Amino acid sequence: GQSLEQPSEVTAVEGAIVQINCTYQTSGFYGLSWYQQHDGGAPTFLSYNALDGLEETGRFSSFLSRSDSYGYLLLQELQMKDSASYFCAVRDPAGNKLTFGGGTRVLVKP
Amino acid sequence: NAGVTQTPKFQVLKTGQSMTLQCAQDMNHEYMSWYRQDPGMGLRLIHYSVGAGITDQGEVPNGYNVSRSTTEDFPLRLLSAAPSQTSVYFCASSYSSLAGAREQFFGPGTRLTVL
């Protein structure tokens with residue numbers, strides 16, 4: 001089976017930096033994805049890491065360490081619109097399914 | 001492109017009723033999937049399809065049926081609704097199963113309440 005752990009909630013102020021950690025246990029690892037979901041909305045894809053290291057997409061970056069079974073999503077220059085839930089997800093060994101973590105709710109305050 | 005569309009947006013059922021949640025995509029994606037999301041939780045995979053005529057079970061398939069007769073459509077059938085099926089249901093698609101294991105495009109969701 002596969003399982004992922006994320007913190008349930010993070011609070012920060014506008015302009016700050018937030019790091020959302022994700023640790024996983026899988027029978028085989030093929031990549032870590034990150035999704036954003038605003039309240040009442042649908043999840044939207046943010047980033048994907050298959051190899052160790054940092055992937056940067058604008059204000060958001062995602063990091064992976066396969067040896068530590070660990071990744072994180074870094075949100076920089078926080079804006080009010082970044083208030084949302086963020087989910088990490090891993091691919092199953094057969095390559096057909098994504099397993100999602102429970103999500104981290106990020107609350108951005110003025 | 002409309003992307004992934006789902007109907008209805010809201011639905012209330014009584015225990016024991018059956019219904020079909022509709023999902024369609026106009027991106028010619030091979031891979032489609034159904035998830036349910038309970039309050040404050042992540043998404044759990046119900047069923048998925050890697051192409052027309054091919055479906056398989058996900059993590060929580062009991063009480064649900066799917067079929068994939070065309071590339072565009074992937075309906076989800078609730079056979080006999082139970083209060084435990086109260087949830088938000090999301091349909092998603094990707095251009096291939098390999099891509100679907102990385103990036104999926106989600107529909108707006110159907111909010112289902114079973115009384």
# chains A, B, ... in the order shown; residues from 1 in each chain; ligands from 1
$ closest_atom_pairs --of "chain B" --to "chain A" --cutoff "12 Å" --atoms "only C-alpha atoms" --output "JSON lines"
{"residue": "B:Val4", "atom": "CA", "partner": "A:Ala42", "partner_atom": "CA", "distance": 10.8}
{"residue": "B:Thr5", "atom": "CA", "partner": "A:Ala42", "partner_atom": "CA", "distance": 11.4}
{"residue": "B:Gln6", "atom": "CA", "partner": "A:Ala42", "partner_atom": "CA", "distance": 11.4}
{"residue": "B:Lys9", "atom": "CA", "partner": "A:Gly40", "partner_atom": "CA", "distance": 11.4}
{"residue": "B:Glu30", "atom": "CA", "partner": "A:Asn96", "partner_atom": "CA", "distance": 11.6}
{"residue": "B:Tyr31", "atom": "CA", "partner": "A:Asn96", "partner_atom": "CA", "distance": 8.7}
{"residue": "B:Met32", "atom": "CA", "partner": "A:Asn96", "partner_atom": "CA", "distance": 10.1}
{"residue": "B:Ser33", "atom": "CA", "partner": "A:Lys97", "partner_atom": "CA", "distance": 8.8}
{"residue": "B:Trp34", "atom": "CA", "partner": "A:Lys97", "partner_atom": "CA", "distance": 10.8}
{"residue": "B:Tyr35", "atom": "CA", "partner": "A:Leu98", "partner_atom": "CA", "distance": 10.2}
{"residue": "B:Arg36", "atom": "CA", "partner": "A:Phe100", "partner_atom": "CA", "distance": 11.3}
{"residue": "B:Gln37", "atom": "CA", "partner": "A:Gly102", "partner_atom": "CA", "distance": 10.0}
{"residue": "B:Asp38", "atom": "CA", "partner": "A:Gly102", "partner_atom": "CA", "distance": 10.3}
{"residue": "B:Pro39", "atom": "CA", "partner": "A:Gly102", "partner_atom": "CA", "distance": 10.5}
{"residue": "B:Gly40", "atom": "CA", "partner": "A:Gly102", "partner_atom": "CA", "distance": 7.8}
{"residue": "B:Met41", "atom": "CA", "partner": "A:Gly102", "partner_atom": "CA", "distance": 5.1}
{"residue": "B:Gly42", "atom": "CA", "partner": "A:Gly102", "partner_atom": "CA", "distance": 4.3}
{"residue": "B:Leu43", "atom": "CA", "partner": "A:Phe100", "partner_atom": "CA", "distance": 5.9}
{"residue": "B:Arg44", "atom": "CA", "partner": "A:Phe100", "partner_atom": "CA", "distance": 7.1}
{"residue": "B:Leu45", "atom": "CA", "partner": "A:Thr99", "partner_atom": "CA", "distance": 7.6}
{"residue": "B:Ile46", "atom": "CA", "partner": "A:Lys97", "partner_atom": "CA", "distance": 10.4}
{"residue": "B:His47", "atom": "CA", "partner": "A:Lys97", "partner_atom": "CA", "distance": 9.6}
{"residue": "B:Tyr48", "atom": "CA", "partner": "A:Lys97", "partner_atom": "CA", "distance": 8.0}
{"residue": "B:Ser49", "atom": "CA", "partner": "A:Asn96", "partner_atom": "CA", "distance": 8.8}
{"residue": "B:Val50", "atom": "CA", "partner": "A:Asn96", "partner_atom": "CA", "distance": 7.8}
{"residue": "B:Gly51", "atom": "CA", "partner": "A:Asn96", "partner_atom": "CA", "distance": 11.5}
{"residue": "B:Thr55", "atom": "CA", "partner": "A:Asn96", "partner_atom": "CA", "distance": 11.0}
{"residue": "B:Asp56", "atom": "CA", "partner": "A:Asn96", "partner_atom": "CA", "distance": 9.6}
{"residue": "B:Gln57", "atom": "CA", "partner": "A:Lys97", "partner_atom": "CA", "distance": 10.0}
{"residue": "B:Gly58", "atom": "CA", "partner": "A:Lys97", "partner_atom": "CA", "distance": 7.7}
{"residue": "B:Glu59", "atom": "CA", "partner": "A:Thr99", "partner_atom": "CA", "distance": 8.8}
{"residue": "B:Val60", "atom": "CA", "partner": "A:Thr99", "partner_atom": "CA", "distance": 11.8}
{"residue": "B:Val88", "atom": "CA", "partner": "A:Gly40", "partner_atom": "CA", "distance": 9.6}
{"residue": "B:Tyr89", "atom": "CA", "partner": "A:Ala42", "partner_atom": "CA", "distance": 9.9}
{"residue": "B:Phe90", "atom": "CA", "partner": "A:Ala42", "partner_atom": "CA", "distance": 7.6}
{"residue": "B:Cys91", "atom": "CA", "partner": "A:Ala42", "partner_atom": "CA", "distance": 9.6}
{"residue": "B:Ala92", "atom": "CA", "partner": "A:Pro43", "partner_atom": "CA", "distance": 9.5}
{"residue": "B:Ser93", "atom": "CA", "partner": "A:Lys97", "partner_atom": "CA", "distance": 11.5}
{"residue": "B:Ser94", "atom": "CA", "partner": "A:Asn96", "partner_atom": "CA", "distance": 10.8}
{"residue": "B:Ser96", "atom": "CA", "partner": "A:Asn96", "partner_atom": "CA", "distance": 9.1}
{"residue": "B:Ser97", "atom": "CA", "partner": "A:Asn96", "partner_atom": "CA", "distance": 5.4}
{"residue": "B:Leu98", "atom": "CA", "partner": "A:Gly95", "partner_atom": "CA", "distance": 5.9}
{"residue": "B:Ala99", "atom": "CA", "partner": "A:Gly95", "partner_atom": "CA", "distance": 8.9}
{"residue": "B:Gly100", "atom": "CA", "partner": "A:Asn96", "partner_atom": "CA", "distance": 6.9}
{"residue": "B:Ala101", "atom": "CA", "partner": "A:Arg91", "partner_atom": "CA", "distance": 5.2}
{"residue": "B:Arg102", "atom": "CA", "partner": "A:Ser33", "partner_atom": "CA", "distance": 6.0}
{"residue": "B:Glu103", "atom": "CA", "partner": "A:Phe45", "partner_atom": "CA", "distance": 6.1}
{"residue": "B:Gln104", "atom": "CA", "partner": "A:Phe45", "partner_atom": "CA", "distance": 6.9}
{"residue": "B:Phe105", "atom": "CA", "partner": "A:Thr44", "partner_atom": "CA", "distance": 6.8}
{"residue": "B:Phe106", "atom": "CA", "partner": "A:Ala42", "partner_atom": "CA", "distance": 6.1}
{"residue": "B:Gly107", "atom": "CA", "partner": "A:Ala42", "partner_atom": "CA", "distance": 6.5}
{"residue": "B:Pro108", "atom": "CA", "partner": "A:Ala42", "partner_atom": "CA", "distance": 5.3}
{"residue": "B:Gly109", "atom": "CA", "partner": "A:Ala42", "partner_atom": "CA", "distance": 6.7}
{"residue": "B:Thr110", "atom": "CA", "partner": "A:Ala42", "partner_atom": "CA", "distance": 10.3}
{"residue": "B:Arg111", "atom": "CA", "partner": "A:Gly40", "partner_atom": "CA", "distance": 9.8}
$ select_by_dssp --residues "chain A" --states "strand (DSSP E)" --output "PyMOL selection string"
chain A and resi 3-5+9-13+18-25+32-37+44-49+53-57+60-65+70-75+84-91+98-100+104-109
$ atom_distance --atom1 "atom CA of B:Pro83" --atom2 "atom CA of A:Asp39"
22.7 Å
$ select_by_dssp --residues "chain B" --states "helix (DSSP H, G or I)" --output "count of residues only"
7
$ residues_around --residues "A:Thr26" --least-positions-apart "2" --cutoff "7 Å" --atoms "only C-alpha atoms" --output "number ranges by chain"
A: 1-3, 24, 28-29
$ closest_residue --among "B:Tyr95, B:Thr113, B:Ser87, B:Gly63" --to "B:Gly3" --atoms "only C-alpha atoms"
B:Tyr95
$ atom_distance --atom1 "atom CA of A:Thr11" --atom2 "atom CA of A:Val108"
6.0 Å
$ closest_residue --among "B:Pro8, B:Pro75, B:Pro61, B:Gly53" --to "B:Cys23" --atoms "only C-alpha atoms"
B:Pro75
$ atom_distance --atom1 "atom CA of A:Gln6" --atom2 "atom CA of A:Gly58"
22.6 Å
$ residues_around --residues "B:Arg68" --least-positions-apart "3" --cutoff "7 Å" --atoms "only C-alpha atoms" --output "ChimeraX atom specification"
/B:52-54,73-74
$ closest_residue --among "A:Glu55, A:Val10, A:Ser61, A:Asn21" --to "A:Leu75" --atoms "only C-alpha atoms"
A:Ser61
$ closest_residue --among "A:Cys22, A:Ala16, A:Leu4, A:Ala84" --to "A:Leu64" --atoms "only C-alpha atoms"
A:Cys22
